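Have a look at entry_8.txt; it's compact mmCIF, C-alpha atoms:
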```txt
# COMPACT_ATOMS: atom_id res chain seq x y z
CA MET A 828 -86.67 87.17 32.53
CA GLU A 829 -84.07 84.46 31.98
CA ILE A 830 -82.95 82.59 35.11
CA LEU A 831 -79.80 80.51 34.92
CA TYR A 832 -78.39 78.03 37.44
CA PRO A 833 -76.07 75.00 37.56
CA LYS A 834 -77.75 71.61 37.49
CA TYR A 835 -76.70 70.85 41.05
CA TYR A 836 -78.61 73.92 42.34
CA LYS A 837 -81.93 72.07 42.61
CA LYS A 838 -80.27 68.98 44.07
CA PHE A 839 -79.60 70.83 47.31
CA SER A 840 -81.50 69.88 50.43
CA CYS A 841 -80.50 70.81 53.98
CA ILE A 842 -79.20 67.77 55.88
CA ALA A 843 -80.10 69.42 59.22
CA ALA A 844 -78.87 67.43 62.22
CA ALA A 845 -76.52 65.38 60.00
CA CYS A 846 -74.56 68.50 59.02
CA PRO A 847 -70.88 68.35 60.10
CA ASP A 848 -70.90 72.12 60.60
CA SER A 849 -73.94 74.35 60.82
CA CYS A 850 -75.17 77.75 59.68
CA CYS A 851 -76.70 77.87 63.19
CA GLN A 852 -73.35 78.25 64.92
CA GLU A 853 -70.78 81.04 65.14
CA TRP A 854 -72.70 83.53 62.96
CA ASP A 855 -74.99 86.22 64.30
CA VAL A 856 -78.18 85.78 62.26
CA ASP A 857 -79.39 88.85 60.34
CA VAL A 858 -83.14 89.13 60.82
CA ASP A 859 -85.12 91.05 58.21
CA PRO A 860 -87.48 93.79 59.53
CA GLU A 861 -90.68 91.88 58.73
CA SER A 862 -89.51 88.76 60.58
CA ALA A 863 -88.18 90.79 63.53
CA GLN A 864 -91.55 92.50 63.93
CA TYR A 865 -93.34 89.15 63.72
CA TYR A 866 -91.03 87.46 66.25
CA ARG A 867 -91.47 90.29 68.74
CA SER A 868 -95.24 90.01 68.44
CA LEU A 869 -95.35 86.31 69.36
CA GLN A 870 -96.92 85.26 72.63
CA GLY A 871 -95.80 82.50 74.96
CA PRO A 872 -92.36 81.10 75.80
CA LEU A 873 -91.06 81.25 72.21
CA GLY A 874 -91.97 84.93 71.87
CA ASP A 875 -90.43 85.73 75.26
CA ARG A 876 -87.20 83.99 74.26
CA LEU A 877 -87.03 85.72 70.88
CA ARG A 878 -87.49 89.14 72.45
CA GLN A 879 -84.53 88.31 74.70
CA VAL A 880 -82.12 87.38 71.91
CA LEU A 881 -83.07 89.88 69.19
CA GLN A 882 -80.77 92.89 69.16
CA ASP A 883 -81.02 96.06 67.07
CA THR A 884 -77.75 97.35 65.62
CA GLU A 885 -76.86 100.18 63.26
CA ASP A 886 -76.91 97.62 60.43
CA GLY A 887 -80.25 96.06 61.35
CA THR A 888 -81.61 93.41 63.70
CA VAL A 889 -79.59 90.32 64.59
CA MET A 890 -80.22 87.21 66.64
CA VAL A 891 -77.18 87.12 68.89
CA ILE A 892 -75.39 83.80 69.29
CA GLU A 893 -74.90 82.29 72.76
CA ASP A 894 -72.00 79.92 73.42
CA ARG A 895 -71.16 80.12 69.70
CA ARG A 896 -74.59 78.90 68.61
CA CYS A 897 -77.92 80.39 67.61
CA PRO A 898 -80.24 80.41 70.65
CA MET A 899 -82.97 78.88 68.47
CA TRP A 900 -80.79 75.89 67.54
CA ARG A 901 -81.95 72.92 69.59
CA GLN A 902 -79.68 70.16 70.85
CA ASP A 903 -81.24 67.75 68.34
CA GLY A 904 -79.93 69.94 65.50
CA LEU A 905 -83.30 71.40 64.54
CA CYS A 906 -84.51 75.01 64.69
CA GLN A 907 -87.04 75.81 67.38
CA ILE A 908 -88.78 78.39 65.19
CA GLN A 909 -89.18 75.96 62.33
CA ALA A 910 -90.24 73.15 64.64
CA GLU A 911 -93.00 75.21 66.29
CA LEU A 912 -94.10 77.54 63.48
CA GLY A 913 -93.03 75.89 60.21
CA HIS A 914 -90.45 76.67 57.53
CA GLN A 915 -92.12 79.86 56.33
CA ALA A 916 -91.72 81.41 59.78
CA LEU A 917 -87.94 81.45 59.39
CA CYS A 918 -86.36 84.82 58.72
CA GLN A 919 -85.30 85.50 55.14
CA VAL A 920 -81.62 84.61 55.51
CA CYS A 921 -82.44 81.27 57.16
CA ARG A 922 -85.05 80.42 54.52
CA GLU A 923 -82.68 81.17 51.64
CA PHE A 924 -79.21 80.08 52.83
CA PRO A 925 -77.14 78.70 51.15
CA ARG A 926 -78.83 79.82 47.95
CA LEU A 927 -77.22 82.70 46.05
CA ARG A 928 -79.05 85.10 43.80
CA HIS A 929 -77.44 87.61 41.44
CA ASP A 930 -80.19 89.73 39.89
CA TYR A 931 -79.05 91.90 36.99
CA GLY A 932 -82.50 93.23 36.16
CA ASP A 933 -83.23 91.50 32.86
CA PHE A 934 -81.62 88.19 33.83
CA MET A 935 -80.70 86.38 37.04
CA GLU A 936 -78.10 83.79 38.03
CA LEU A 937 -78.58 81.40 40.94
CA GLY A 938 -76.04 79.34 42.82
CA LEU A 939 -75.09 77.79 46.15
CA GLU A 940 -72.74 79.08 48.84
CA LEU A 941 -69.57 77.09 49.39
CA SER A 942 -69.80 77.84 53.14
CA CYS A 943 -72.54 75.21 53.55
CA PRO A 944 -71.05 71.68 53.86
CA GLU A 945 -73.77 70.04 51.78
CA ALA A 946 -73.54 72.76 49.13
CA ALA A 947 -69.76 72.36 49.11
CA ARG A 948 -70.19 68.64 48.52
CA LEU A 949 -72.36 69.32 45.48
CA ILE A 950 -70.11 72.06 44.11
CA LEU A 951 -66.95 69.97 44.41
CA SER A 952 -68.35 66.60 43.37
CA ASP A 953 -70.69 67.37 40.49
CA GLU A 954 -68.87 67.04 37.18
CA ASP A 955 -71.90 68.17 35.15
CA ARG A 956 -70.90 71.48 33.60
CA ASP A 957 -74.34 72.22 32.14
CA TRP A 958 -76.37 75.18 33.28
CA ILE A 959 -80.15 75.29 33.13
CA ALA A 960 -81.93 78.29 31.63
CA GLU A 961 -85.54 79.01 32.52
CA THR A 962 -87.69 81.85 31.26
CA THR A 963 -90.32 83.43 33.46
CA ALA A 964 -93.17 85.77 32.57
CA GLU A 965 -91.61 88.37 34.83
CA SER A 966 -89.69 91.02 32.93
CA GLY A 967 -87.22 93.61 34.10
CA GLU A 968 -84.87 96.24 32.81
CA ALA A 969 -81.11 95.82 32.59
CA GLU A 970 -79.40 97.32 35.63
CA TYR A 971 -75.94 97.50 34.12
CA ASP A 972 -73.87 99.03 31.35
CA SER A 973 -74.63 96.81 28.36
CA GLU A 974 -71.16 97.08 26.79
CA THR A 975 -69.46 96.14 30.06
CA MET A 976 -71.77 93.19 30.64
CA ALA A 977 -71.23 91.98 27.07
CA SER A 978 -67.46 92.00 27.64
CA LEU A 979 -67.78 90.15 30.93
CA LEU A 980 -70.14 87.52 29.54
CA ARG A 981 -67.94 86.92 26.52
CA SER A 982 -64.69 86.70 28.49
CA ARG A 983 -66.22 84.46 31.14
CA ARG A 984 -67.59 82.16 28.46
CA GLU A 985 -64.19 82.06 26.72
CA PHE A 986 -62.24 81.23 29.86
CA SER A 987 -64.84 78.69 31.05
CA ALA A 988 -64.57 76.84 27.73
CA PHE A 989 -60.79 76.78 28.14
CA LEU A 990 -61.13 75.50 31.72
CA ASP A 991 -63.38 72.66 30.58
CA THR A 992 -61.02 71.43 27.88
CA THR A 993 -57.44 72.24 28.89
CA SER A 994 -54.91 69.64 29.94
CA LEU A 995 -52.78 72.20 31.78
CA SER A 996 -52.15 71.74 35.50
CA VAL A 997 -54.14 73.81 38.00
CA PRO A 998 -51.23 76.21 38.75
CA GLU A 999 -50.80 76.73 35.00
CA ILE A 1000 -54.52 77.36 34.57
CA LEU A 1001 -54.46 79.95 37.35
CA THR A 1002 -51.44 81.59 35.71
CA VAL A 1003 -53.30 81.86 32.40
CA LEU A 1004 -56.29 83.26 34.27
CA LEU A 1005 -54.27 86.04 35.91
CA LEU A 1006 -52.65 87.18 32.66
CA TYR A 1007 -55.97 86.95 30.78
CA ALA A 1008 -57.67 89.00 33.50
CA HIS A 1009 -55.21 91.82 32.85
CA ASP A 1010 -56.21 91.82 29.17
CA VAL A 1011 -59.93 91.76 30.01
CA GLN A 1012 -59.39 94.60 32.47
CA GLU A 1013 -57.77 96.64 29.71
CA GLU A 1014 -60.83 95.94 27.56
CA LEU A 1015 -63.13 97.12 30.34
CA ASP A 1016 -60.99 100.25 30.64
CA GLY A 1017 -61.59 101.07 26.98
CA GLY A 1018 -58.86 99.05 25.27
CA ALA A 1019 -58.96 96.39 22.59
CA THR A 1020 -61.02 93.23 22.91
CA ALA A 1021 -59.17 90.68 25.05
CA VAL A 1022 -58.13 87.44 23.39
CA LEU A 1023 -57.33 84.37 25.46
CA GLN A 1024 -53.87 83.11 24.47
CA PRO A 1025 -53.05 80.28 26.90
CA THR A 1026 -49.62 79.45 25.47
CA GLN A 1027 -48.46 83.07 25.50
CA ASN A 1028 -50.10 83.80 28.85
CA LEU A 1029 -48.35 80.83 30.44
CA ALA A 1030 -44.98 81.72 28.92
CA ASP A 1031 -45.27 85.29 30.21
CA GLY A 1032 -46.29 84.02 33.64
CA ILE A 1033 -43.27 81.73 33.87
CA LEU A 1034 -40.94 84.64 33.05
CA PHE A 1035 -42.58 86.87 35.66
CA ALA A 1036 -42.49 84.11 38.30
CA LYS A 1037 -38.70 83.91 38.02
CA GLN A 1038 -38.55 87.46 39.41
CA SER A 1039 -40.59 86.53 42.49
CA HIS A 1040 -39.40 86.01 46.04
CA SER A 1041 -42.64 84.43 47.20
CA VAL A 1042 -44.17 85.16 50.57
CA PRO A 1043 -46.98 82.98 51.99
CA LEU A 1044 -50.54 84.23 51.88
CA GLN A 1045 -51.33 83.13 55.42
CA GLU A 1046 -50.01 86.28 57.07
CA PHE A 1047 -52.34 88.45 54.99
CA PHE A 1048 -55.34 86.28 55.89
CA LEU A 1049 -54.36 86.25 59.57
CA GLY A 1050 -54.78 90.04 59.44
CA LEU A 1051 -58.44 89.72 58.43
CA GLU A 1052 -61.36 89.21 60.80
CA ILE A 1053 -61.36 85.65 62.14
CA LEU A 1054 -64.55 83.91 63.16
CA THR A 1055 -63.45 80.54 64.51
CA PRO A 1056 -60.36 79.31 66.42
CA ARG A 1057 -59.94 76.41 63.99
CA TRP A 1058 -59.49 78.82 61.07
CA GLU A 1059 -56.74 80.66 62.94
CA GLN A 1060 -55.07 77.34 63.77
CA ARG A 1061 -55.21 76.24 60.13
CA LEU A 1062 -53.63 79.51 58.99
CA GLN A 1063 -50.85 79.14 61.54
CA GLN A 1064 -50.13 75.53 60.57
CA PRO A 1065 -50.26 75.32 56.78
CA SER A 1066 -49.59 72.12 54.91
CA ALA A 1067 -46.67 71.73 52.55
CA THR A 1068 -47.13 71.26 48.79
CA PRO A 1069 -50.74 71.50 47.54
CA ASP A 1070 -52.31 68.44 45.97
CA TRP A 1071 -53.53 70.14 42.81
CA ASN A 1072 -56.14 67.52 41.89
CA GLY A 1073 -59.05 67.93 39.50
CA GLN A 1074 -61.40 69.17 42.22
CA TYR A 1075 -59.61 72.51 42.12
CA LYS A 1076 -61.02 73.07 38.64
CA LEU A 1077 -64.49 72.65 40.13
CA LEU A 1078 -63.55 75.08 42.89
CA LEU A 1079 -62.33 77.61 40.34
CA ARG A 1080 -65.50 77.16 38.29
CA TYR A 1081 -67.50 78.06 41.41
CA PHE A 1082 -65.47 81.23 42.00
CA ILE A 1083 -65.79 82.27 38.35
CA SER A 1084 -69.57 81.80 38.32
CA ARG A 1085 -69.92 83.72 41.60
CA TYR A 1086 -67.62 86.70 41.05
CA TRP A 1087 -66.90 87.34 37.36
CA LEU A 1088 -70.07 89.24 36.47
CA GLN A 1089 -70.01 91.23 39.71
CA ALA A 1090 -67.35 93.37 38.04
CA VAL A 1091 -70.20 95.06 36.17
CA SER A 1092 -70.84 97.09 39.33
CA ASP A 1093 -67.45 98.83 39.40
CA TYR A 1094 -65.69 97.76 36.16
CA ASP A 1095 -63.00 95.96 38.17
CA LEU A 1096 -62.50 92.33 37.20
CA LEU A 1097 -58.82 92.06 38.07
CA CYS A 1098 -59.27 92.40 41.83
CA ARG A 1099 -61.92 89.66 41.77
CA VAL A 1100 -59.71 87.34 39.76
CA LYS A 1101 -56.94 87.88 42.30
CA LEU A 1102 -59.42 86.91 45.01
CA MET A 1103 -60.17 83.66 43.11
CA ILE A 1104 -56.50 82.85 42.62
CA ALA A 1105 -55.49 83.71 46.18
CA ALA A 1106 -58.37 81.57 47.46
CA CYS A 1107 -57.25 78.54 45.43
CA ILE A 1108 -53.60 78.96 46.50
CA LEU A 1109 -54.47 79.40 50.17
CA ILE A 1110 -56.88 76.47 50.24
CA GLY A 1111 -54.23 74.35 48.51
CA HIS A 1112 -51.52 75.24 51.03
CA LEU A 1113 -53.81 74.64 54.02
CA GLY A 1114 -54.19 71.05 52.89
CA GLY A 1115 -56.57 68.57 54.48
CA ASN A 1116 -59.83 67.50 52.89
CA LEU A 1117 -60.51 69.94 50.05
CA GLN A 1118 -64.25 70.07 50.68
CA GLU A 1119 -63.84 70.82 54.39
CA THR A 1120 -61.06 73.39 53.85
CA SER A 1121 -62.97 75.15 51.07
CA GLN A 1122 -66.12 75.27 53.17
CA LEU A 1123 -64.22 76.74 56.12
CA PHE A 1124 -62.55 79.33 53.85
CA SER A 1125 -65.93 80.38 52.51
CA LYS A 1126 -67.45 80.60 55.98
CA GLU A 1127 -64.60 82.81 57.19
CA ILE A 1128 -64.06 84.91 54.07
CA GLU A 1129 -66.97 84.86 51.62
CA ASN A 1130 -69.64 85.28 54.27
CA ASN A 1131 -67.86 88.28 55.78
CA PRO A 1132 -68.30 91.35 53.51
CA ASP A 1133 -65.50 93.18 55.34
CA ASN A 1134 -63.06 90.36 54.59
CA VAL A 1135 -64.06 90.21 50.93
CA GLU A 1136 -63.66 93.99 50.65
CA ALA A 1137 -60.24 93.81 52.30
CA ILE A 1138 -59.10 91.29 49.69
CA LEU A 1139 -60.47 93.33 46.78
CA ASP A 1140 -58.72 96.42 48.13
CA GLY A 1141 -55.58 94.43 48.92
CA ALA A 1142 -55.35 93.27 45.31
CA TYR A 1143 -53.70 96.62 44.63
CA THR A 1144 -52.00 97.36 47.94
CA ALA A 1145 -50.96 94.12 49.68
CA SER A 1146 -47.56 92.63 48.88
CA ALA A 1147 -48.99 89.13 49.24
CA LEU A 1148 -51.46 89.78 46.41
CA THR A 1149 -49.09 91.25 43.82
CA ASP A 1150 -48.92 89.54 40.44
CA LEU A 1151 -45.33 88.48 41.07
CA ASN A 1152 -46.11 86.93 44.43
CA LEU A 1153 -49.14 85.01 43.18
CA LEU A 1154 -47.20 83.77 40.14
CA GLY A 1155 -44.27 82.78 42.35
CA LEU A 1156 -46.54 80.79 44.65
CA LEU A 1157 -48.05 79.05 41.64
CA LEU A 1158 -44.97 78.27 39.57
CA ASN A 1159 -41.85 78.25 41.77
```
Now that the file is in, can you turn its structure into structure tokens?
Amino acid sequence: MEILYPKYYKKFSCIAAACPDSCCQEWDVDVDPESAQYYRSLQGPLGDRLRQVLQDTEDGTVMVIEDRRCPMWRQDGLCQIQAELGHQALCQVCREFPRLRHDYGDFMELGLELSCPEAARLILSDEDRDWIAETTAESGEAEYDSETMASLLRSRREFSAFLDTTSLSVPEILTVLLLYAHDVQEELDGGATAVLQPTQNLADGILFAKQSHSVPLQEFFLGLEILTPRWEQRLQQPSATPDWNGQYKLLLRYFISRYWLQAVSDYDLLCRVKLMIAACILIGHLGGNLQETSQLFSKEIENNPDNVEAILDGAYTASALTDLNLLGLLLN
């Protein structure tokens, strides 16, 4: 099996107590069945405490937060389970976060989650575009339609090469992306092979944008599930004009690597591209430090499957996510 990952993937190391945010606060922790059984079997004060805070739900077992923090998170910033029993005693999600794994059967792609501050720092500061490819003895069978995957790999490669070399501004790049995504979607739906035409895509986007009476994205996102008060405050007090600096290209590269190939599951690339574009626009309009704002966006949106699903569905139903509105926000 071929395993691919960006160079920064293996640079990641948890900064623990030095973290400005924490995966140990505000999220209920999903506990895999094997770990839950082990925790409930422990003797002594740690076992008694774990039995108190583990809760079975219809979706599985969770460790319920108390005062917006994991009950195992000590005041010194370390995990009580890890401190007493070692790293391998952590439940699966705590051992793996913020590492991402997309397993397609005969190949796998790895990455980091933007919702972790240290991962966000690497994602938005590492200019190295190279990916590493490793081959393992393990073999698997493709778990996808081969024609669809071929189209997605080719189109992602084509747009990524454009992203790496273009001198267009970020709003112009996102405009090209939206129009190109429509062509790729037609290809996935049985049409002709999509061809990236940046000049034509941008010209078409500018014409469409003139028809737009743009509405802010914040109202749509305020209607989603909100985890933290600071996210709600940021949405209610957006900044003015985005500072479209070069880091946004790194942010877009992250979204492309995370979501593009996922369209193989339902043949719908367009809704995922709209998610990428809406995310960049929203993060831009919220202002502040790009790394901190992006990390907070990811924590609130990407780590909540219901919120992601609402955006994918809203790509076709929400007025804020229409082509005209997105183009208007980008170009007007």
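Close contacts of Ala844 (chain A), defined as residues with an atom at most 8 Å away when counting only C-alpha atoms, with chain neighbours fewer than 5 positions off set aside, comprise Asp903, Gly904 and Leu905 of chain A.
The spacing separating CA of Gly913 (chain A) from CA of Gly887 (chain A) amounts to 23.9 Å.
When all atoms listed in the file are used to measure the gap to Arg1099 (chain A), the shortest distance among A:Ala947, A:Ile1138, A:Cys841, A:Leu980 belongs to A:Ile1138.
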Residues at most 10 Å from region 1116-1131 of chain A, counting only C-alpha atoms, excluding those fewer than 2 positions away in the same chain, as a ChimeraX atom specification? /A:847-848,850,853-854,940-952,1048,1051-1055,1057-1059,1061,1070,1072,1074-1075,1078,1106-1107,1109-1111,1113-1114,1133-1138
Give me, as JSON lines, the closest atom pair and its distance (Å, one decimal) for every residue of region 860-955 of chain A within a cut-off of 12 Å of region 1088-1095 of chain A, counting only C-alpha atoms, rows sorted by chain and rising number.
```
{"residue": "A:Arg928", "atom": "CA", "partner": "A:Gln1089", "partner_atom": "CA", "distance": 11.7}
{"residue": "A:His929", "atom": "CA", "partner": "A:Gln1089", "partner_atom": "CA", "distance": 8.4}
{"residue": "A:Asp930", "atom": "CA", "partner": "A:Gln1089", "partner_atom": "CA", "distance": 10.3}
{"residue": "A:Tyr931", "atom": "CA", "partner": "A:Leu1088", "partner_atom": "CA", "distance": 9.4}
{"residue": "A:Phe934", "atom": "CA", "partner": "A:Leu1088", "partner_atom": "CA", "distance": 11.9}
{"residue": "A:Met935", "atom": "CA", "partner": "A:Leu1088", "partner_atom": "CA", "distance": 11.0}
{"residue": "A:Glu936", "atom": "CA", "partner": "A:Leu1088", "partner_atom": "CA", "distance": 9.8}
```
Would you mind telling me which residue in A:Leu917, A:Leu831, A:Leu1158, A:Leu1077 lies nearest to Leu1029 (chain A) when using only C-alpha atoms? A:Leu1158
Long-range neighbours of Asp1010 (chain A) as a PyMOL selection string, 10 Å cut-off, all atoms listed in the file, 5 positions minimum in chain: chain A and resi 982+1004-1005+1015-1016+1018-1023+1097
May I have the selected residues written with C-alpha atoms, as a CSV table (one decimal), in the coordinates of the input?
```csv
chain,number,residue,atom,x,y,z
A,982,SER,CA,-64.7,86.7,28.5
A,1004,LEU,CA,-56.3,83.3,34.3
A,1005,LEU,CA,-54.3,86.0,35.9
A,1015,LEU,CA,-63.1,97.1,30.3
A,1016,ASP,CA,-61.0,100.2,30.6
A,1018,GLY,CA,-58.9,99.0,25.3
A,1019,ALA,CA,-59.0,96.4,22.6
A,1020,THR,CA,-61.0,93.2,22.9
A,1021,ALA,CA,-59.2,90.7,25.0
A,1022,VAL,CA,-58.1,87.4,23.4
A,1023,LEU,CA,-57.3,84.4,25.5
A,1097,LEU,CA,-58.8,92.1,38.1
```
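The list of residues with at least one atom within 8 Å of Val856 (chain A), based on only C-alpha atoms and without residues fewer than 4 positions apart in the same chain, reads Val889, Met890, Val891, Ile892, Cys897 and Val920 of chain A.
Every protein, DNA or RNA residue with an atom at most 8 Å from Leu1148 (chain A), where all atoms listed in the file count and chain neighbours fewer than 5 positions away do not, is listed here: Leu1044, Lys1101, Ala1105, Gly1141, Ala1142, Tyr1143 and Leu1153 of chain A.
CA of Arg922 (chain A) is found 17.3 Å from CA of Leu877 (chain A).
Here CA of Phe1082 (chain A) is placed at a distance of 25.4 Å from CA of Ser1039 (chain A).
The nearest approach to Glu968 (chain A) among the residues A:Ile1104, A:Met828, A:Leu937, A:Leu1139, with only C-alpha atoms taken into account, belongs to A:Met828.
Of the residues under consideration (A:Pro998, A:Phe924, A:Ala845, A:Glu1014), A:Phe924 shows the shortest atom-to-atom contact distance to Gly938 (chain A) when counting only C-alpha atoms.
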Smallest atom-to-atom distance to Phe986 (chain A): which of A:Trp1087, A:Gly967, A:Thr1068, A:Asp953, using all atoms listed in the file? A:Trp1087
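Here the question is which of A:Gln1027, A:Gln882, A:Gln852, A:Ser966 gets nearest to Arg896 (chain A) using all atoms listed in the file, and that residue is A:Gln852.
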Identify the residues within 10 Å of coordinate (-86.7, 93.7, 61.8) (same frame as the file), considering all atoms listed in the file, and give the answer as an MDAnalysis selection string. chainID A and resid 857:867 881:883 887:889 918
